[in-house]
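input34.cif (mmCIF, C-alpha atoms)
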```
data_query
#
loop_
_atom_site.label_atom_id
_atom_site.label_comp_id
_atom_site.auth_asym_id
_atom_site.auth_seq_id
_atom_site.Cartn_x
_atom_site.Cartn_y
_atom_site.Cartn_z
CA MET A 8 59.27 275.03 242.50
CA GLY A 9 61.73 277.87 242.11
CA ALA A 10 62.29 277.09 238.44
CA PHE A 11 58.53 277.38 237.97
CA VAL A 12 57.57 280.41 240.04
CA GLU A 13 60.64 282.61 239.59
CA PRO A 14 60.00 283.14 235.85
CA LEU A 15 56.31 283.75 236.57
CA LYS A 16 57.24 286.45 239.09
CA ASP A 17 59.37 288.19 236.48
CA ILE A 18 56.71 287.87 233.78
CA VAL A 19 53.94 289.25 236.00
CA SER A 20 56.21 292.10 237.10
CA CYS A 21 56.27 293.42 233.51
CA VAL A 22 52.67 294.65 233.83
CA ALA A 23 51.61 294.40 237.47
CA ARG A 24 52.56 294.53 241.10
CA ALA A 25 50.46 291.75 242.51
CA LYS A 26 50.95 288.64 244.57
CA ILE A 27 51.00 285.21 243.02
CA ASN A 28 48.85 282.86 245.09
CA LEU A 29 49.34 279.11 245.34
CA SER A 30 46.76 276.71 246.69
CA HIS A 31 47.58 275.23 250.08
CA ASP A 32 50.54 272.82 250.01
CA GLY A 33 51.28 274.26 246.58
CA TRP A 34 54.96 274.72 247.38
CA GLY A 35 55.77 271.08 247.57
CA MET A 36 53.10 268.42 247.80
CA VAL A 37 53.60 265.73 245.17
CA GLY A 38 50.78 263.78 243.55
CA LYS A 39 48.22 266.55 243.58
CA ILE A 40 47.05 269.14 241.08
CA HIS A 41 47.70 272.59 242.53
CA GLY A 42 46.21 275.94 241.62
CA LEU A 43 47.94 279.23 240.95
CA THR A 44 46.33 282.60 240.54
CA VAL A 45 47.40 286.21 240.63
CA ASN A 46 45.87 288.77 242.98
CA ARG A 47 43.60 286.20 244.67
CA ASP A 48 41.70 285.63 241.43
CA GLN A 49 40.73 289.29 241.26
CA PRO A 50 41.43 291.05 237.95
CA ILE A 51 44.58 293.14 237.81
CA THR A 52 44.13 296.67 236.53
CA LEU A 53 46.61 297.28 233.72
CA ARG A 54 48.22 300.64 233.03
CA CYS A 55 46.52 301.71 229.81
CA ARG A 56 43.63 303.79 228.45
CA PRO A 57 40.96 302.70 228.18
CA ALA A 58 41.60 300.65 231.30
CA LEU A 59 41.85 296.90 230.84
CA LEU A 60 41.97 294.05 233.34
CA LEU A 61 43.94 290.81 233.37
CA LYS A 62 43.12 287.54 235.11
CA VAL A 63 45.60 284.68 235.34
CA GLY A 64 44.99 281.15 236.53
CA MET A 65 47.07 278.00 236.20
CA LEU A 66 47.00 274.37 237.28
CA TYR A 67 50.25 272.53 237.91
CA GLU A 68 51.63 269.33 239.35
CA ILE A 69 54.97 268.58 240.95
CA ILE A 70 56.28 265.35 239.47
CA ARG A 71 59.36 263.21 239.81
CA THR A 72 61.36 262.92 236.63
CA GLU A 73 64.61 261.47 235.41
CA ASP A 74 64.46 263.16 232.01
CA LYS A 75 66.86 266.00 232.85
CA PRO A 76 69.02 264.93 235.80
CA GLU A 77 70.95 268.21 235.64
CA ARG A 78 67.75 269.97 236.79
CA GLY A 79 67.16 267.66 239.74
CA PRO A 80 64.60 264.93 240.39
CA TRP A 81 61.54 267.18 240.53
CA ARG A 82 59.77 269.10 237.81
CA VAL A 83 56.66 271.27 237.77
CA SER A 84 54.34 270.39 234.94
CA THR A 85 51.59 272.78 233.84
CA ARG A 86 48.20 271.05 233.78
CA GLY A 87 46.04 273.94 232.64
CA TYR A 88 45.86 277.69 232.20
CA MET A 89 43.44 280.57 231.82
CA TYR A 90 44.63 283.97 230.67
CA GLU A 91 41.83 286.48 230.34
CA MET A 92 41.62 290.13 229.31
CA GLN A 93 38.56 292.09 230.43
CA THR A 94 37.20 295.59 230.02
CA ALA A 95 37.25 297.91 233.04
CA SER A 96 33.71 296.78 233.85
CA GLY A 97 34.72 293.12 233.86
CA GLU A 98 33.36 292.06 230.48
CA LEU A 99 35.44 289.43 228.72
CA VAL A 100 37.43 290.64 225.71
CA TRP A 101 39.35 287.44 225.06
CA SER A 102 40.62 284.45 226.97
CA TYR A 103 43.05 281.65 226.31
CA HIS A 104 42.20 278.34 227.92
CA TRP A 105 43.72 274.95 228.25
CA HIS A 106 42.22 272.58 230.79
CA PRO A 107 42.19 268.83 231.22
CA THR A 108 38.42 268.58 231.69
CA GLY A 109 35.34 269.71 229.81
CA LYS A 110 34.16 269.26 226.25
CA VAL A 111 37.22 270.84 224.60
CA ARG A 112 40.48 269.73 226.19
CA SER A 113 42.98 271.17 223.73
CA PRO A 114 44.26 274.78 223.89
CA HIS A 115 41.73 277.29 222.60
CA ALA A 116 40.56 280.90 222.73
CA HIS A 117 37.21 282.53 223.47
CA LEU A 118 36.03 285.95 222.32
CA GLY A 119 33.90 288.01 224.67
CA SER A 120 30.29 288.42 223.60
CA THR A 121 30.40 292.17 224.28
CA GLN A 122 33.05 292.43 221.57
CA LEU A 123 30.70 290.89 219.02
CA ARG A 124 27.65 292.23 217.23
CA ASP A 125 24.33 290.71 218.20
CA ASP A 126 24.11 288.96 214.84
CA ALA A 127 27.77 287.89 214.80
CA VAL A 128 28.53 284.37 213.70
CA LEU A 129 31.29 284.26 216.28
CA SER A 130 30.15 283.17 219.70
CA TYR A 131 31.49 283.51 223.22
CA LYS A 132 31.07 279.79 223.70
CA ALA A 133 32.96 278.84 220.54
CA HIS A 134 36.36 277.26 221.16
CA HIS A 135 38.90 278.56 218.64
CA PRO A 136 41.87 276.21 218.54
CA THR A 137 45.32 277.56 219.33
CA GLY A 138 48.73 276.14 220.09
CA ARG A 139 49.94 276.20 223.65
CA ILE A 140 49.97 279.83 224.81
CA SER A 141 52.61 281.10 227.21
CA LEU A 142 52.05 283.81 229.79
CA GLU A 143 55.03 285.56 228.22
CA SER A 144 53.23 285.87 224.88
CA VAL A 145 50.07 287.14 226.59
CA VAL A 146 52.02 289.87 228.41
CA ARG A 147 53.84 290.80 225.19
CA THR A 148 50.47 291.10 223.42
CA LEU A 149 49.09 293.33 226.17
CA ILE A 150 52.05 295.68 225.83
CA GLY A 151 52.47 295.50 222.07
CA GLU A 152 48.86 295.36 220.88
CA TYR A 153 46.77 296.97 223.61
CA GLY A 154 48.99 299.83 224.78
CA VAL A 155 49.62 298.57 228.30
CA SER A 156 52.53 300.49 229.82
CA PRO A 157 55.29 298.14 230.94
CA MET A 158 56.38 298.41 234.56
CA ARG A 159 60.01 297.57 233.92
CA GLU A 160 62.46 298.76 231.30
CA ASP A 161 63.80 295.33 230.44
CA TRP A 162 60.41 293.76 229.68
CA ALA A 163 61.18 292.82 226.06
CA GLU A 164 64.48 291.13 226.86
CA LEU A 165 63.02 289.46 229.93
CA LEU A 166 60.02 288.03 228.08
CA ALA A 167 62.23 286.79 225.25
CA ALA A 168 64.59 285.07 227.69
CA LYS A 169 61.81 283.44 229.72
CA GLU A 170 60.03 282.30 226.59
CA ALA A 171 63.23 280.74 225.26
CA ASP A 172 63.51 278.74 228.48
CA PHE A 173 59.84 277.79 228.25
CA GLU A 174 60.36 276.43 224.75
CA VAL A 175 63.36 274.36 225.85
CA TYR A 176 61.75 272.80 228.92
CA ARG A 177 58.10 272.42 227.97
CA THR A 178 57.11 268.83 227.27
CA TRP A 179 54.41 269.58 224.69
CA SER A 180 53.34 272.39 222.41
CA MET B 12 58.24 305.79 232.75
CA PRO B 13 58.99 302.17 233.58
CA ASP B 14 60.23 301.46 237.06
CA THR B 15 63.73 300.43 237.98
CA LYS B 16 64.65 296.81 238.59
CA ALA B 17 64.61 297.31 242.35
CA ASP B 18 60.85 297.86 242.28
CA HIS B 19 59.92 294.61 240.61
CA GLU B 20 59.43 292.15 243.40
CA VAL B 21 56.32 290.00 243.05
CA GLU B 22 55.60 287.86 246.09
CA VAL B 23 54.42 284.26 245.99
CA VAL B 24 52.02 283.41 248.80
CA GLU B 25 50.35 280.12 249.65
CA VAL B 26 46.74 280.61 250.72
CA THR B 27 44.99 278.51 253.34
CA ARG B 28 42.26 276.05 252.42
CA GLU B 29 39.72 278.36 254.04
CA GLU B 30 40.92 281.34 252.04
CA GLY B 31 40.93 279.22 248.91
CA ARG B 32 37.40 278.04 249.52
CA ALA B 33 36.29 281.66 249.88
CA MET B 34 37.92 282.42 246.52
CA LEU B 35 36.10 279.51 244.90
CA ASP B 36 32.82 280.54 246.50
CA GLN B 37 33.11 284.09 245.21
CA ALA B 38 33.99 282.91 241.70
CA ALA B 39 31.13 280.38 241.61
CA ARG B 40 28.62 282.98 242.75
CA GLU B 41 29.85 285.57 240.22
CA ALA B 42 30.19 283.25 237.24
CA LEU B 43 27.51 280.61 237.82
CA ASN B 44 25.25 282.07 240.51
CA MET B 45 25.82 279.19 242.91
CA SER B 46 27.86 278.49 246.02
CA ALA B 47 31.18 276.67 246.11
CA ASP B 48 29.46 273.71 247.79
CA GLU B 49 26.90 273.43 245.03
CA PHE B 50 29.53 273.78 242.32
CA LEU B 51 31.74 271.10 243.87
CA ARG B 52 28.78 268.76 244.30
CA LYS B 53 27.88 269.11 240.61
CA TRP B 54 31.53 268.82 239.60
CA ASP B 55 31.99 265.63 241.59
CA ALA B 56 28.76 264.21 240.17
CA GLY B 57 30.18 264.64 236.67
CA GLU B 58 27.61 267.21 235.61
CA TYR B 59 30.29 269.35 233.96
CA GLU B 60 32.17 266.59 232.16
CA ASP B 61 30.96 267.76 228.77
CA ALA B 62 30.51 271.40 229.70
CA ASP B 63 31.38 273.93 227.02
CA ASP B 64 30.70 277.09 229.03
CA PRO B 65 33.90 279.10 229.63
CA ALA B 66 32.41 280.24 232.94
CA VAL B 67 32.70 276.68 234.24
CA THR B 68 36.39 276.70 233.34
CA ARG B 69 36.90 279.96 235.22
CA VAL B 70 35.51 278.43 238.38
CA ALA B 71 37.04 274.98 237.95
CA MET B 72 40.54 276.47 237.85
CA LEU B 73 40.05 277.30 241.52
CA ILE B 74 39.04 273.83 242.71
CA PRO B 75 42.54 273.01 244.04
CA PHE B 76 42.31 276.05 246.29
CA ALA B 77 39.39 274.51 248.14
CA ARG B 78 40.65 270.94 248.48
#
```

What does this structure look like when you write it as structure tokens?
Amino acid sequence: MGAFVEPLKDIVSCVARAKINLSHDGWGMVGKIHGLTVNRDQPITLRCRPALLLKVGMLYEIIRTEDKPERGPWRVSTRGYMYEMQTASGELVWSYHWHPTGKVRSPHAHLGSTQLRDDAVLSYKAHHPTGRISLESVVRTLIGEYGVSPMREDWAELLAAKEADFEVYRTWS
Amino acid sequence: MPDTKADHEVEVVEVTREEGRAMLDQAAREALNMSADEFLRKWDAGEYEDADDPAVTRVAMLIPFAR
């Protein structure tokens, strides 16, 4: 579990001081899909103006593997994610989803309806396909595109290093 | 000014099933105007198998917290 949660702690620390919450038995029970959220599923207030909020949710499973014996017999495999940016009043701006159930099961993005004109062709419910999105890239976008103030000086190097690891060890993209 | 490295610690905390169920209940009420029990009943009955509402996804991500 350490190889899974330690990078997440560092990534979250770039923009927030909040606890990462695991569902019960989430530290070690095998054969079950576990949940992970940040700040007990409550949006995190980001340091920027106008204020923006971030919600993070993930699903993961601890599995036995013999693929990379140098990393031990256990691996944590991501089974789903939800990264969501909201306005200060809680309206969705955008979200990135990947989940193993529902009508669209491949990675996709949604645009918040309050960001769209009433006669917009784009719709909140439309699923816009994406590749697999990392939490690192979401945090980098918040800082680089939306003016969120980083909470640590080494955020760029840290995100680059964690993302490099992610690309080496992920099993699909 | 960004903080120093010493200030970075983010804790990882396992929540109890009861706490997790309360999280799911709050999310279901906010996103879908129903209780956790009603959401789980519909989920288990397969009523959301072809759902395309992102609000369902928001709530469903919390199911492991309640089970």

(request) Using only C-alpha atoms, find which residues of chain B lie within 8 Å of chain A and jot them down as an MDAnalysis selection string. (result) chainID B and resid 12:16 19:28 31 34 59:65 68:69 72:77

Only C-alpha atoms, please: the residues just picked out, written as a short mmCIF file (atom, residue, chain, number, x, y, z; two decimals), in the frame of the given file.
```cif
data_model
loop_
_atom_site.label_atom_id
_atom_site.label_comp_id
_atom_site.auth_asym_id
_atom_site.auth_seq_id
_atom_site.Cartn_x
_atom_site.Cartn_y
_atom_site.Cartn_z
CA MET B 12 58.24 305.79 232.75
CA PRO B 13 58.99 302.17 233.58
CA ASP B 14 60.23 301.46 237.06
CA THR B 15 63.73 300.43 237.98
CA LYS B 16 64.65 296.81 238.59
CA HIS B 19 59.92 294.61 240.61
CA GLU B 20 59.43 292.15 243.40
CA VAL B 21 56.32 290.00 243.05
CA GLU B 22 55.60 287.86 246.09
CA VAL B 23 54.42 284.26 245.99
CA VAL B 24 52.02 283.41 248.80
CA GLU B 25 50.35 280.12 249.65
CA VAL B 26 46.74 280.61 250.72
CA THR B 27 44.99 278.51 253.34
CA ARG B 28 42.26 276.05 252.42
CA GLY B 31 40.93 279.22 248.91
CA MET B 34 37.92 282.42 246.52
CA TYR B 59 30.29 269.35 233.96
CA GLU B 60 32.17 266.59 232.16
CA ASP B 61 30.96 267.76 228.77
CA ALA B 62 30.51 271.40 229.70
CA ASP B 63 31.38 273.93 227.02
CA ASP B 64 30.70 277.09 229.03
CA PRO B 65 33.90 279.10 229.63
CA THR B 68 36.39 276.70 233.34
CA ARG B 69 36.90 279.96 235.22
CA MET B 72 40.54 276.47 237.85
CA LEU B 73 40.05 277.30 241.52
CA ILE B 74 39.04 273.83 242.71
CA PRO B 75 42.54 273.01 244.04
CA PHE B 76 42.31 276.05 246.29
CA ALA B 77 39.39 274.51 248.14
#
```

(message) I need the output of the PyMOL selection byres ((chain B and resi 36) around 9) for this file as a PyMOL selection string; which residues are they?
(response) chain B and resi 31-35+37-41+45-48+50+70

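With only C-alpha atoms taken into account, the protein and nucleic acid residues at most 8 Å from A:Leu60 (excluding it and anything under 4 positions from it in its own chain) are Pro50, Ile51, Thr52, Leu53, Met92, Gln93, Thr94, Ala95 and Gly97 of chain A.
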
Would you place a box with edges along x, y and z of the file around all atoms of stretch 24-28 of chain B listed there, add 8 Å to each of its six sides, and report the centre and edge lengths in Å to one decimal, as JSON?
```
{"center_x": 47.1, "center_y": 279.7, "center_z": 251.1, "size_x": 25.8, "size_y": 23.4, "size_z": 20.5}
```

(request) Work out how far apart atom CA of A:Tyr103 and atom CA of A:Gly138 are and give it in Å to one decimal. (result) 10.1 Å

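The two atoms in question, atom CA of A:Pro136 and atom CA of A:Arg112, are spaced 10.1 Å apart.
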
(request) Considering all atoms listed in the file, return as number ranges by chain whatever protein or nucleic-acid residues lie within 9 Å of B:Ala66, sequence-local ones (same chain, fewer than 5 positions apart) excluded. (result) B: 39, 42-43, 71

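Note that the spacing between atom CA of A:Val100 and atom CA of A:Ala163 amounts to 23.9 Å.
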
(request) Using the chain letters and numbering of this document, enumerate as an NGL selection string the residues selected by the PyMOL selection byres ((chain A and resi 166) around 8). (result) :A and (18 or 143-144 or 147 or 162-165 or 167-170)

(request) Take the PyMOL selection byres ((chain A and resi 72) around 12), apply it to the structure above, and return the hits as a PyMOL selection string. (result) chain A and resi 37+68-71+73-84+178

Kindly complete stretch 145-156 of chain A to all heavy atoms; the output should be written as a PDB file, in the frame of the given file.
```
ATOM      1  N   VAL A 145      51.244 286.346 226.216  1.00  0.00           N
ATOM      2  CA  VAL A 145      50.070 287.140 226.590  1.00  0.00           C
ATOM      3  C   VAL A 145      50.520 288.528 227.058  1.00  0.00           C
ATOM      4  O   VAL A 145      49.965 289.549 226.635  1.00  0.00           O
ATOM      5  CB  VAL A 145      49.271 286.423 227.693  1.00  0.00           C
ATOM      6  CG1 VAL A 145      48.208 287.335 228.284  1.00  0.00           C
ATOM      7  CG2 VAL A 145      48.622 285.164 227.128  1.00  0.00           C
ATOM      8  N   VAL A 146      51.536 288.581 227.904  1.00  0.00           N
ATOM      9  CA  VAL A 146      52.020 289.870 228.410  1.00  0.00           C
ATOM     10  C   VAL A 146      52.578 290.705 227.253  1.00  0.00           C
ATOM     11  O   VAL A 146      52.340 291.920 227.163  1.00  0.00           O
ATOM     12  CB  VAL A 146      53.074 289.653 229.510  1.00  0.00           C
ATOM     13  CG1 VAL A 146      53.772 290.962 229.865  1.00  0.00           C
ATOM     14  CG2 VAL A 146      52.410 289.054 230.747  1.00  0.00           C
ATOM     15  N   ARG A 147      53.300 290.066 226.339  1.00  0.00           N
ATOM     16  CA  ARG A 147      53.840 290.800 225.190  1.00  0.00           C
ATOM     17  C   ARG A 147      52.699 291.369 224.339  1.00  0.00           C
ATOM     18  O   ARG A 147      52.777 292.501 223.849  1.00  0.00           O
ATOM     19  CB  ARG A 147      54.715 289.876 224.343  1.00  0.00           C
ATOM     20  CG  ARG A 147      55.431 290.616 223.219  1.00  0.00           C
ATOM     21  CD  ARG A 147      56.259 289.688 222.362  1.00  0.00           C
ATOM     22  NE  ARG A 147      57.327 289.057 223.095  1.00  0.00           N
ATOM     23  CZ  ARG A 147      57.378 287.748 223.373  1.00  0.00           C
ATOM     24  NH1 ARG A 147      56.410 286.951 222.986  1.00  0.00           N
ATOM     25  NH2 ARG A 147      58.390 287.254 224.048  1.00  0.00           N
ATOM     26  N   THR A 148      51.620 290.623 224.195  1.00  0.00           N
ATOM     27  CA  THR A 148      50.470 291.100 223.420  1.00  0.00           C
ATOM     28  C   THR A 148      49.807 292.289 224.118  1.00  0.00           C
ATOM     29  O   THR A 148      49.406 293.261 223.466  1.00  0.00           O
ATOM     30  CB  THR A 148      49.448 289.957 223.247  1.00  0.00           C
ATOM     31  OG1 THR A 148      50.091 288.895 222.541  1.00  0.00           O
ATOM     32  CG2 THR A 148      48.224 290.422 222.469  1.00  0.00           C
ATOM     33  N   LEU A 149      49.692 292.215 225.433  1.00  0.00           N
ATOM     34  CA  LEU A 149      49.090 293.330 226.170  1.00  0.00           C
ATOM     35  C   LEU A 149      49.883 294.614 225.949  1.00  0.00           C
ATOM     36  O   LEU A 149      49.309 295.684 225.723  1.00  0.00           O
ATOM     37  CB  LEU A 149      49.053 293.001 227.673  1.00  0.00           C
ATOM     38  CG  LEU A 149      48.118 291.876 228.097  1.00  0.00           C
ATOM     39  CD1 LEU A 149      48.336 291.528 229.567  1.00  0.00           C
ATOM     40  CD2 LEU A 149      46.666 292.257 227.854  1.00  0.00           C
ATOM     41  N   ILE A 150      51.197 294.490 225.994  1.00  0.00           N
ATOM     42  CA  ILE A 150      52.050 295.680 225.830  1.00  0.00           C
ATOM     43  C   ILE A 150      52.088 296.121 224.370  1.00  0.00           C
ATOM     44  O   ILE A 150      51.926 297.307 224.059  1.00  0.00           O
ATOM     45  CB  ILE A 150      53.472 295.379 226.356  1.00  0.00           C
ATOM     46  CG1 ILE A 150      53.436 295.119 227.868  1.00  0.00           C
ATOM     47  CG2 ILE A 150      54.426 296.538 226.035  1.00  0.00           C
ATOM     48  CD1 ILE A 150      54.741 294.584 228.441  1.00  0.00           C
ATOM     49  N   GLY A 151      52.264 295.165 223.485  1.00  0.00           N
ATOM     50  CA  GLY A 151      52.470 295.500 222.070  1.00  0.00           C
ATOM     51  C   GLY A 151      51.205 295.831 221.306  1.00  0.00           C
ATOM     52  O   GLY A 151      51.221 296.659 220.396  1.00  0.00           O
ATOM     53  N   GLU A 152      50.092 295.200 221.665  1.00  0.00           N
ATOM     54  CA  GLU A 152      48.860 295.360 220.880  1.00  0.00           C
ATOM     55  C   GLU A 152      47.803 296.210 221.567  1.00  0.00           C
ATOM     56  O   GLU A 152      46.927 296.762 220.909  1.00  0.00           O
ATOM     57  CB  GLU A 152      48.262 293.981 220.574  1.00  0.00           C
ATOM     58  CG  GLU A 152      49.200 293.029 219.846  1.00  0.00           C
ATOM     59  CD  GLU A 152      49.439 293.449 218.400  1.00  0.00           C
ATOM     60  OE1 GLU A 152      48.613 294.200 217.845  1.00  0.00           O
ATOM     61  OE2 GLU A 152      50.473 293.026 217.842  1.00  0.00           O
ATOM     62  N   TYR A 153      47.840 296.274 222.888  1.00  0.00           N
ATOM     63  CA  TYR A 153      46.770 296.970 223.610  1.00  0.00           C
ATOM     64  C   TYR A 153      47.254 298.199 224.383  1.00  0.00           C
ATOM     65  O   TYR A 153      46.494 298.770 225.154  1.00  0.00           O
ATOM     66  CB  TYR A 153      46.051 295.985 224.546  1.00  0.00           C
ATOM     67  CG  TYR A 153      45.274 294.938 223.778  1.00  0.00           C
ATOM     68  CD1 TYR A 153      45.838 293.708 223.483  1.00  0.00           C
ATOM     69  CD2 TYR A 153      43.993 295.211 223.309  1.00  0.00           C
ATOM     70  CE1 TYR A 153      45.143 292.755 222.745  1.00  0.00           C
ATOM     71  CE2 TYR A 153      43.286 294.264 222.572  1.00  0.00           C
ATOM     72  CZ  TYR A 153      43.867 293.038 222.298  1.00  0.00           C
ATOM     73  OH  TYR A 153      43.177 292.109 221.568  1.00  0.00           O
ATOM     74  N   GLY A 154      48.505 298.579 224.195  1.00  0.00           N
ATOM     75  CA  GLY A 154      48.990 299.830 224.780  1.00  0.00           C
ATOM     76  C   GLY A 154      49.196 299.812 226.269  1.00  0.00           C
ATOM     77  O   GLY A 154      49.218 300.873 226.906  1.00  0.00           O
ATOM     78  N   VAL A 155      49.350 298.635 226.858  1.00  0.00           N
ATOM     79  CA  VAL A 155      49.620 298.570 228.300  1.00  0.00           C
ATOM     80  C   VAL A 155      51.052 299.052 228.561  1.00  0.00           C
ATOM     81  O   VAL A 155      51.992 298.611 227.892  1.00  0.00           O
ATOM     82  CB  VAL A 155      49.440 297.134 228.823  1.00  0.00           C
ATOM     83  CG1 VAL A 155      49.899 297.011 230.274  1.00  0.00           C
ATOM     84  CG2 VAL A 155      47.982 296.701 228.685  1.00  0.00           C
ATOM     85  N   SER A 156      51.201 299.967 229.507  1.00  0.00           N
ATOM     86  CA  SER A 156      52.530 300.490 229.820  1.00  0.00           C
ATOM     87  C   SER A 156      53.318 299.463 230.631  1.00  0.00           C
ATOM     88  O   SER A 156      52.848 299.028 231.687  1.00  0.00           O
ATOM     89  CB  SER A 156      52.412 301.777 230.659  1.00  0.00           C
ATOM     90  OG  SER A 156      51.775 302.773 229.917  1.00  0.00           O
TER      91      SER A 156
END
```
